[in-house]
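Contents: one structure, followed by commentary.
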There are 2 protein chains.
Amino acid sequence: MSRPPIDTREHLIAERKRREKLSQSFIALSAIIPGLKKMDKASILSDAINYMKQLQERVKKLEEEVAIRTVESVVIVKKSQVLAFDDIFSLDENSNHFEQQLPEIEARVLDKHVLLRIHYEKQKGCMTEILREIKKLNLSILNSSVLSFGSSILEMTIVAQMDVDFCMNIEDLVKSLHTSCVGLDEATPCILIANGNGSCSERRIGLDF
Amino acid sequence: MSRPPIDTREHLIAERKRREKLSQSFIALSAIIPGLKKMDKASILSDAINYMKQLQERVKKLEEEVAIRTVESVVIVKKSQVLAFDDIFSLDENSNHFEQQLPEIEARVLDKHVLLRIHYEKQKGCMTEILREIKKLNLSILNSSVLSFGSSILEMTIVAQMDVDFCMNIEDLVKSLHTSCVGLDEATPCILIANGNGSCSERRIGLDF
DNA sequence: GCCTACACGTGAGGC
DNA sequence: TGCCTCACGTGTAGG
């Protein structure tokens with residue numbers, strides 16, 4: 001009480017600065033809160049609290065989500081990497097559960113065209129068989145290619161046109177081709193996979209997936 | 001000026017309450033900020049601002065992460081069965097959400113060889129870009145084919161050999177190629193699928209998958 | 001002693 | 001007008 005006047009004035013100024021700083025902070029805080037209506041200090045604070053809690057929960061959930069998906073995706077990757085080893089195995093030994101896995105056949109349709117992709121083990125007469133089957137199905141081959149992959153696998157790609165009397169659905173098409181490739185083996189299960197491009201596609205999946 | 005004394009007193013009390021409320025809010029806010037050292041109002045506010053910004057960025061990053069992984073992960077089999085219907089649909093109508101979904105890239109590894117299959121929309125310079133990218137990745141092309149499917153789609157198949165200094169994993173390989181194809185678009189997620197034949201394979205999935 | 005941060009009561013302005 | 005919010009200057013307690 002009863003301070004020297006000089007002291008009082010400096011105090012006054014200091015307090016002014018402090019208040020100014022606080023006000024600025026309030027403004028800054030309000031600026032990063034979305035959907036803030038009332039700008040009074042009480043609202044800013046309580047909204048900040050609510051929003052911050054929301055953010056915290058969201059982060060928590062997202063982190064869990066990511067953790068889950070990370071595991072999922074790692075699992076997928078791992079499995080195939082594990083398979084890589086398995087692979088070496090089946091190559092080192094005379095591949096036993098190998099033929100079982102192939103062929104892999106994929107078919108897509110676009111207007112009157114069919115794109116066939118056949119991933120199969122090299123085998124005498126297999127290609128002839130496939131081509132004969134395609135012809136039998138009323139498909140005219142427009143273009144084709146066969147690439148060798150590794151020592152025993154062929155990747156065959158065919159673009160064909162459906163003739164007017166072609167009336168098969170994709171699934172049956174794939175099945176037919178499959179039996180042509182497999183020959184004596186029992187029909188191997190296929191699943192339809194998404195191409196995402198408006199066409200359909202069928203893919204055989206190994207059981208150890 | 002010169003208010004009735006009753007009014008003044010009520011004002012006084014109201015102001016007290018208001019201050020009390022604000023103080024409580026400050027405390028509540030400070031309570032949910034982790035690692036808060038100084039408890040003065042200025043610090044609470046500025047730390048709240050910083051922390052909130054951090055949270056916002058974290059949420060953003062996590063959301064992106066989740067978005068990617070969502071598409072990346074799983075659900076292959078189930079959804080594809082649903083797609084069988086969807087599929088018929090897109091055959092009846094002229095498939096519209098079409099270009100968005102491409103390219104689709106698949107890579108398989110067998111020993112030192114890579115089988116690449118790129119299903120993409122015809123686009124000027126795209127092929128050059130892909131080949132350049134492949135070369136850049138230390139892959140030597142052994143064999144390749146490009147088939148036209150429909151009016152605007154190309155099916156490119158490449159068998160390449162990994163050079164000695166090739167050290168990329170499949171995922172990154174696919175991603176690299178993808179960005180080459182997509183160009184300006186953001187990277188589109190891929191997933192690794194099981195081939196069951198000892199190789200690994202990565203497949204892009206459409207968003208409506 | 002100085003510095004910092006706060007709460008207080010009060011006057012003013014907005015709806 | 002009443003009610004609410006704010007900024008102000010001041011007193012003061014703790015470091």
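Residues in the structure tokens are named by chain (A, B, ... in the order shown) and by number from 1 within that chain; ligands are numbered from 1 in the order shown.
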
Close residues, Ala160 of chain A itself excluded, 12 Å, only C-alpha atoms (C1' of nucleotides), min 4 positions apart in chain, as a PyMOL selection string: (chain A and resi 107-117+131+134-135+137-145+166) or (chain B and resi 147-150)

Select, as a PDB file with all heavy atoms, in the first residue's frame, those residues of chain D with any atom no more than 10 Å from chain A (distances computed using only C-alpha atoms (C1' of nucleotides)).
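Okay, part05.pdb is ready:
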```
ATOM      1  P    DT D   5     -21.364 -14.364 -20.331  1.00  0.00           P
ATOM      2  OP1  DT D   5     -21.347 -15.561 -21.183  1.00  0.00           O
ATOM      3  OP2  DT D   5     -21.304 -14.461 -18.866  1.00  0.00           O
ATOM      4  O5'  DT D   5     -20.200 -13.403 -20.798  1.00  0.00           O
ATOM      5  C5'  DT D   5     -20.192 -12.927 -22.149  1.00  0.00           C
ATOM      6  C4'  DT D   5     -19.197 -11.800 -22.263  1.00  0.00           C
ATOM      7  O4'  DT D   5     -19.693 -10.644 -21.563  1.00  0.00           O
ATOM      8  C3'  DT D   5     -17.837 -12.117 -21.648  1.00  0.00           C
ATOM      9  O3'  DT D   5     -16.874 -12.245 -22.684  1.00  0.00           O
ATOM     10  C2'  DT D   5     -17.532 -10.917 -20.745  1.00  0.00           C
ATOM     11  C1'  DT D   5     -18.582  -9.903 -21.110  1.00  0.00           C
ATOM     12  N1   DT D   5     -19.045  -9.054 -19.968  1.00  0.00           N
ATOM     13  C2   DT D   5     -18.902  -7.683 -20.056  1.00  0.00           C
ATOM     14  O2   DT D   5     -18.411  -7.113 -20.999  1.00  0.00           O
ATOM     15  N3   DT D   5     -19.365  -6.992 -18.952  1.00  0.00           N
ATOM     16  C4   DT D   5     -19.943  -7.533 -17.815  1.00  0.00           C
ATOM     17  O4   DT D   5     -20.327  -6.817 -16.894  1.00  0.00           O
ATOM     18  C5   DT D   5     -20.062  -8.973 -17.805  1.00  0.00           C
ATOM     19  C7   DT D   5     -20.666  -9.649 -16.623  1.00  0.00           C
ATOM     20  C6   DT D   5     -19.614  -9.667 -18.869  1.00  0.00           C
ATOM     21  P    DC D   6     -15.371 -12.660 -22.362  1.00  0.00           P
ATOM     22  OP1  DC D   6     -14.798 -13.356 -23.525  1.00  0.00           O
ATOM     23  OP2  DC D   6     -15.327 -13.283 -21.024  1.00  0.00           O
ATOM     24  O5'  DC D   6     -14.684 -11.231 -22.267  1.00  0.00           O
ATOM     25  C5'  DC D   6     -14.861 -10.316 -23.338  1.00  0.00           C
ATOM     26  C4'  DC D   6     -14.446  -8.930 -22.920  1.00  0.00           C
ATOM     27  O4'  DC D   6     -15.327  -8.453 -21.879  1.00  0.00           O
ATOM     28  C3'  DC D   6     -13.042  -8.865 -22.334  1.00  0.00           C
ATOM     29  O3'  DC D   6     -12.178  -8.185 -23.236  1.00  0.00           O
ATOM     30  C2'  DC D   6     -13.196  -8.090 -21.014  1.00  0.00           C
ATOM     31  C1'  DC D   6     -14.594  -7.542 -21.085  1.00  0.00           C
ATOM     32  N1   DC D   6     -15.261  -7.463 -19.757  1.00  0.00           N
ATOM     33  C2   DC D   6     -15.517  -6.219 -19.182  1.00  0.00           C
ATOM     34  O2   DC D   6     -15.168  -5.194 -19.783  1.00  0.00           O
ATOM     35  N3   DC D   6     -16.125  -6.170 -17.971  1.00  0.00           N
ATOM     36  C4   DC D   6     -16.481  -7.305 -17.354  1.00  0.00           C
ATOM     37  N4   DC D   6     -17.086  -7.209 -16.171  1.00  0.00           N
ATOM     38  C5   DC D   6     -16.238  -8.589 -17.937  1.00  0.00           C
ATOM     39  C6   DC D   6     -15.628  -8.616 -19.125  1.00  0.00           C
ATOM     40  P    DA D   7     -10.655  -8.311 -23.052  1.00  0.00           P
ATOM     41  OP1  DA D   7     -10.031  -8.352 -24.381  1.00  0.00           O
ATOM     42  OP2  DA D   7     -10.348  -9.341 -22.042  1.00  0.00           O
ATOM     43  O5'  DA D   7     -10.345  -6.887 -22.390  1.00  0.00           O
ATOM     44  C5'  DA D   7     -10.826  -5.722 -23.022  1.00  0.00           C
ATOM     45  C4'  DA D   7     -10.491  -4.496 -22.182  1.00  0.00           C
ATOM     46  O4'  DA D   7     -11.323  -4.498 -20.993  1.00  0.00           O
ATOM     47  C3'  DA D   7      -9.044  -4.442 -21.687  1.00  0.00           C
ATOM     48  O3'  DA D   7      -8.589  -3.093 -21.749  1.00  0.00           O
ATOM     49  C2'  DA D   7      -9.133  -4.940 -20.252  1.00  0.00           C
ATOM     50  C1'  DA D   7     -10.516  -4.486 -19.817  1.00  0.00           C
ATOM     51  N9   DA D   7     -11.177  -5.356 -18.846  1.00  0.00           N
ATOM     52  C8   DA D   7     -11.180  -6.720 -18.833  1.00  0.00           C
ATOM     53  N7   DA D   7     -11.881  -7.247 -17.845  1.00  0.00           N
ATOM     54  C5   DA D   7     -12.367  -6.149 -17.172  1.00  0.00           C
ATOM     55  C6   DA D   7     -13.184  -6.027 -16.019  1.00  0.00           C
ATOM     56  N6   DA D   7     -13.665  -7.074 -15.336  1.00  0.00           N
ATOM     57  N1   DA D   7     -13.491  -4.779 -15.606  1.00  0.00           N
ATOM     58  C2   DA D   7     -13.012  -3.734 -16.296  1.00  0.00           C
ATOM     59  N3   DA D   7     -12.236  -3.714 -17.400  1.00  0.00           N
ATOM     60  C4   DA D   7     -11.956  -4.972 -17.773  1.00  0.00           C
ATOM     61  P    DC D   8      -7.105  -2.833 -21.516  1.00  0.00           P
ATOM     62  OP1  DC D   8      -6.712  -1.925 -22.586  1.00  0.00           O
ATOM     63  OP2  DC D   8      -6.343  -4.071 -21.265  1.00  0.00           O
ATOM     64  O5'  DC D   8      -7.167  -2.018 -20.143  1.00  0.00           O
ATOM     65  C5'  DC D   8      -8.163  -1.033 -19.979  1.00  0.00           C
ATOM     66  C4'  DC D   8      -8.356  -0.731 -18.527  1.00  0.00           C
ATOM     67  O4'  DC D   8      -9.112  -1.789 -17.916  1.00  0.00           O
ATOM     68  C3'  DC D   8      -7.046  -0.664 -17.745  1.00  0.00           C
ATOM     69  O3'  DC D   8      -6.710   0.684 -17.497  1.00  0.00           O
ATOM     70  C2'  DC D   8      -7.343  -1.426 -16.443  1.00  0.00           C
ATOM     71  C1'  DC D   8      -8.806  -1.775 -16.537  1.00  0.00           C
ATOM     72  N1   DC D   8      -9.143  -3.133 -16.010  1.00  0.00           N
ATOM     73  C2   DC D   8      -9.894  -3.255 -14.836  1.00  0.00           C
ATOM     74  O2   DC D   8     -10.246  -2.246 -14.221  1.00  0.00           O
ATOM     75  N3   DC D   8     -10.195  -4.504 -14.375  1.00  0.00           N
ATOM     76  C4   DC D   8      -9.788  -5.580 -15.061  1.00  0.00           C
ATOM     77  N4   DC D   8     -10.123  -6.769 -14.577  1.00  0.00           N
ATOM     78  C5   DC D   8      -9.040  -5.468 -16.259  1.00  0.00           C
ATOM     79  C6   DC D   8      -8.743  -4.238 -16.694  1.00  0.00           C
ATOM     80  P    DG D   9      -5.254   1.006 -17.219  1.00  0.00           P
ATOM     81  OP1  DG D   9      -5.031   2.377 -17.746  1.00  0.00           O
ATOM     82  OP2  DG D   9      -4.375  -0.091 -17.601  1.00  0.00           O
ATOM     83  O5'  DG D   9      -5.302   1.086 -15.616  1.00  0.00           O
ATOM     84  C5'  DG D   9      -6.227   1.965 -15.004  1.00  0.00           C
ATOM     85  C4'  DG D   9      -6.287   1.708 -13.508  1.00  0.00           C
ATOM     86  O4'  DG D   9      -6.832   0.383 -13.291  1.00  0.00           O
ATOM     87  C3'  DG D   9      -4.936   1.743 -12.804  1.00  0.00           C
ATOM     88  O3'  DG D   9      -5.095   2.456 -11.578  1.00  0.00           O
ATOM     89  C2'  DG D   9      -4.601   0.272 -12.581  1.00  0.00           C
ATOM     90  C1'  DG D   9      -5.973  -0.351 -12.425  1.00  0.00           C
ATOM     91  N9   DG D   9      -6.086  -1.746 -12.828  1.00  0.00           N
ATOM     92  C8   DG D   9      -5.547  -2.320 -13.954  1.00  0.00           C
ATOM     93  N7   DG D   9      -5.826  -3.590 -14.067  1.00  0.00           N
ATOM     94  C5   DG D   9      -6.589  -3.882 -12.950  1.00  0.00           C
ATOM     95  C6   DG D   9      -7.175  -5.110 -12.542  1.00  0.00           C
ATOM     96  O6   DG D   9      -7.129  -6.195 -13.100  1.00  0.00           O
ATOM     97  N1   DG D   9      -7.872  -4.968 -11.339  1.00  0.00           N
ATOM     98  C2   DG D   9      -7.994  -3.790 -10.639  1.00  0.00           C
ATOM     99  N2   DG D   9      -8.698  -3.848  -9.523  1.00  0.00           N
ATOM    100  N3   DG D   9      -7.453  -2.635 -11.009  1.00  0.00           N
ATOM    101  C4   DG D   9      -6.761  -2.755 -12.178  1.00  0.00           C
ATOM    102  P    DT D  10      -3.869   2.653 -10.671  1.00  0.00           P
ATOM    103  OP1  DT D  10      -4.073   3.987 -10.059  1.00  0.00           O
ATOM    104  OP2  DT D  10      -2.633   2.334 -11.395  1.00  0.00           O
ATOM    105  O5'  DT D  10      -4.087   1.538  -9.551  1.00  0.00           O
ATOM    106  C5'  DT D  10      -5.329   1.470  -8.871  1.00  0.00           C
ATOM    107  C4'  DT D  10      -5.375   0.253  -7.987  1.00  0.00           C
ATOM    108  O4'  DT D  10      -5.478  -0.941  -8.791  1.00  0.00           O
ATOM    109  C3'  DT D  10      -4.154   0.050  -7.092  1.00  0.00           C
ATOM    110  O3'  DT D  10      -4.566   0.100  -5.737  1.00  0.00           O
ATOM    111  C2'  DT D  10      -3.616  -1.320  -7.482  1.00  0.00           C
ATOM    112  C1'  DT D  10      -4.828  -1.986  -8.109  1.00  0.00           C
ATOM    113  N1   DT D  10      -4.527  -3.040  -9.098  1.00  0.00           N
ATOM    114  C2   DT D  10      -4.951  -4.328  -8.842  1.00  0.00           C
ATOM    115  O2   DT D  10      -5.564  -4.649  -7.841  1.00  0.00           O
ATOM    116  N3   DT D  10      -4.621  -5.240  -9.807  1.00  0.00           N
ATOM    117  C4   DT D  10      -3.917  -4.991 -10.986  1.00  0.00           C
ATOM    118  O4   DT D  10      -3.680  -5.904 -11.782  1.00  0.00           O
ATOM    119  C5   DT D  10      -3.497  -3.632 -11.177  1.00  0.00           C
ATOM    120  C7   DT D  10      -2.733  -3.274 -12.392  1.00  0.00           C
ATOM    121  C6   DT D  10      -3.812  -2.717 -10.238  1.00  0.00           C
ATOM    122  P    DG D  11      -3.477   0.124  -4.650  1.00  0.00           P
ATOM    123  OP1  DG D  11      -3.941   1.145  -3.684  1.00  0.00           O
ATOM    124  OP2  DG D  11      -2.133   0.207  -5.247  1.00  0.00           O
ATOM    125  O5'  DG D  11      -3.620  -1.318  -3.985  1.00  0.00           O
ATOM    126  C5'  DG D  11      -4.910  -1.748  -3.557  1.00  0.00           C
ATOM    127  C4'  DG D  11      -4.834  -3.185  -3.078  1.00  0.00           C
ATOM    128  O4'  DG D  11      -4.653  -4.051  -4.231  1.00  0.00           O
ATOM    129  C3'  DG D  11      -3.669  -3.470  -2.132  1.00  0.00           C
ATOM    130  O3'  DG D  11      -4.115  -4.379  -1.128  1.00  0.00           O
ATOM    131  C2'  DG D  11      -2.629  -4.118  -3.040  1.00  0.00           C
ATOM    132  C1'  DG D  11      -3.491  -4.852  -4.043  1.00  0.00           C
ATOM    133  N9   DG D  11      -2.882  -5.014  -5.362  1.00  0.00           N
ATOM    134  C8   DG D  11      -2.229  -4.056  -6.093  1.00  0.00           C
ATOM    135  N7   DG D  11      -1.796  -4.496  -7.239  1.00  0.00           N
ATOM    136  C5   DG D  11      -2.187  -5.818  -7.273  1.00  0.00           C
ATOM    137  C6   DG D  11      -2.003  -6.798  -8.277  1.00  0.00           C
ATOM    138  O6   DG D  11      -1.432  -6.684  -9.356  1.00  0.00           O
ATOM    139  N1   DG D  11      -2.567  -8.010  -7.901  1.00  0.00           N
ATOM    140  C2   DG D  11      -3.233  -8.252  -6.723  1.00  0.00           C
ATOM    141  N2   DG D  11      -3.698  -9.480  -6.537  1.00  0.00           N
ATOM    142  N3   DG D  11      -3.415  -7.350  -5.776  1.00  0.00           N
ATOM    143  C4   DG D  11      -2.871  -6.149  -6.114  1.00  0.00           C
ATOM    144  P    DT D  12      -3.212  -4.812   0.040  1.00  0.00           P
ATOM    145  OP1  DT D  12      -4.120  -4.960   1.205  1.00  0.00           O
ATOM    146  OP2  DT D  12      -2.054  -3.894   0.082  1.00  0.00           O
ATOM    147  O5'  DT D  12      -2.679  -6.248  -0.381  1.00  0.00           O
ATOM    148  C5'  DT D  12      -3.568  -7.166  -0.993  1.00  0.00           C
ATOM    149  C4'  DT D  12      -2.809  -8.404  -1.435  1.00  0.00           C
ATOM    150  O4'  DT D  12      -2.353  -8.285  -2.812  1.00  0.00           O
ATOM    151  C3'  DT D  12      -1.544  -8.679  -0.606  1.00  0.00           C
ATOM    152  O3'  DT D  12      -1.429 -10.066  -0.445  1.00  0.00           O
ATOM    153  C2'  DT D  12      -0.438  -8.185  -1.536  1.00  0.00           C
ATOM    154  C1'  DT D  12      -1.010  -8.685  -2.863  1.00  0.00           C
ATOM    155  N1   DT D  12      -0.392  -8.116  -4.070  1.00  0.00           N
ATOM    156  C2   DT D  12      -0.188  -8.938  -5.154  1.00  0.00           C
ATOM    157  O2   DT D  12      -0.489 -10.098  -5.165  1.00  0.00           O
ATOM    158  N3   DT D  12       0.390  -8.328  -6.221  1.00  0.00           N
ATOM    159  C4   DT D  12       0.794  -6.996  -6.323  1.00  0.00           C
ATOM    160  O4   DT D  12       1.312  -6.553  -7.336  1.00  0.00           O
ATOM    161  C5   DT D  12       0.550  -6.202  -5.156  1.00  0.00           C
ATOM    162  C7   DT D  12       0.943  -4.751  -5.142  1.00  0.00           C
ATOM    163  C6   DT D  12      -0.024  -6.777  -4.089  1.00  0.00           C
TER     164       DT D  12
END
```

Check: which chain C residues lie within 9 Å of chain B using only C-alpha atoms (C1' of nucleotides), as a PyMOL selection string: chain C and resi 5+7-11

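Here the question is which of A:Gln54, A:Ser46, A:Ser23, A:Gln123 gets nearest to chain B using only C-alpha atoms, and that residue is A:Ser46.
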
Best match for closeness to chain B among A:Lys37, A:Arg58, A:Lys124, A:Arg132, counting only C-alpha atoms: A:Arg58

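The space separating atom CA of Met127 of chain B from atom CA of Met168 of chain B comes to 21.2 Å.
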
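Interatomic distance, atom CA of Met156 of chain A to atom CA of His178 of chain A: 13.2 Å.
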
Selected residue of minimal separation from chain B among A:Lys175, A:Lys38, A:His119, A:Lys136, counting only C-alpha atoms: A:His119

A:Ala31, A:Asp47, A:Met39, A:Val66 ranked by distance to chain B, top pick (using only C-alpha atoms): A:Val66

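Considering only C-alpha atoms, the residue among A:Ala28, A:Met162, A:Cys126, A:Asp172 positioned nearest to chain B is A:Ala28.
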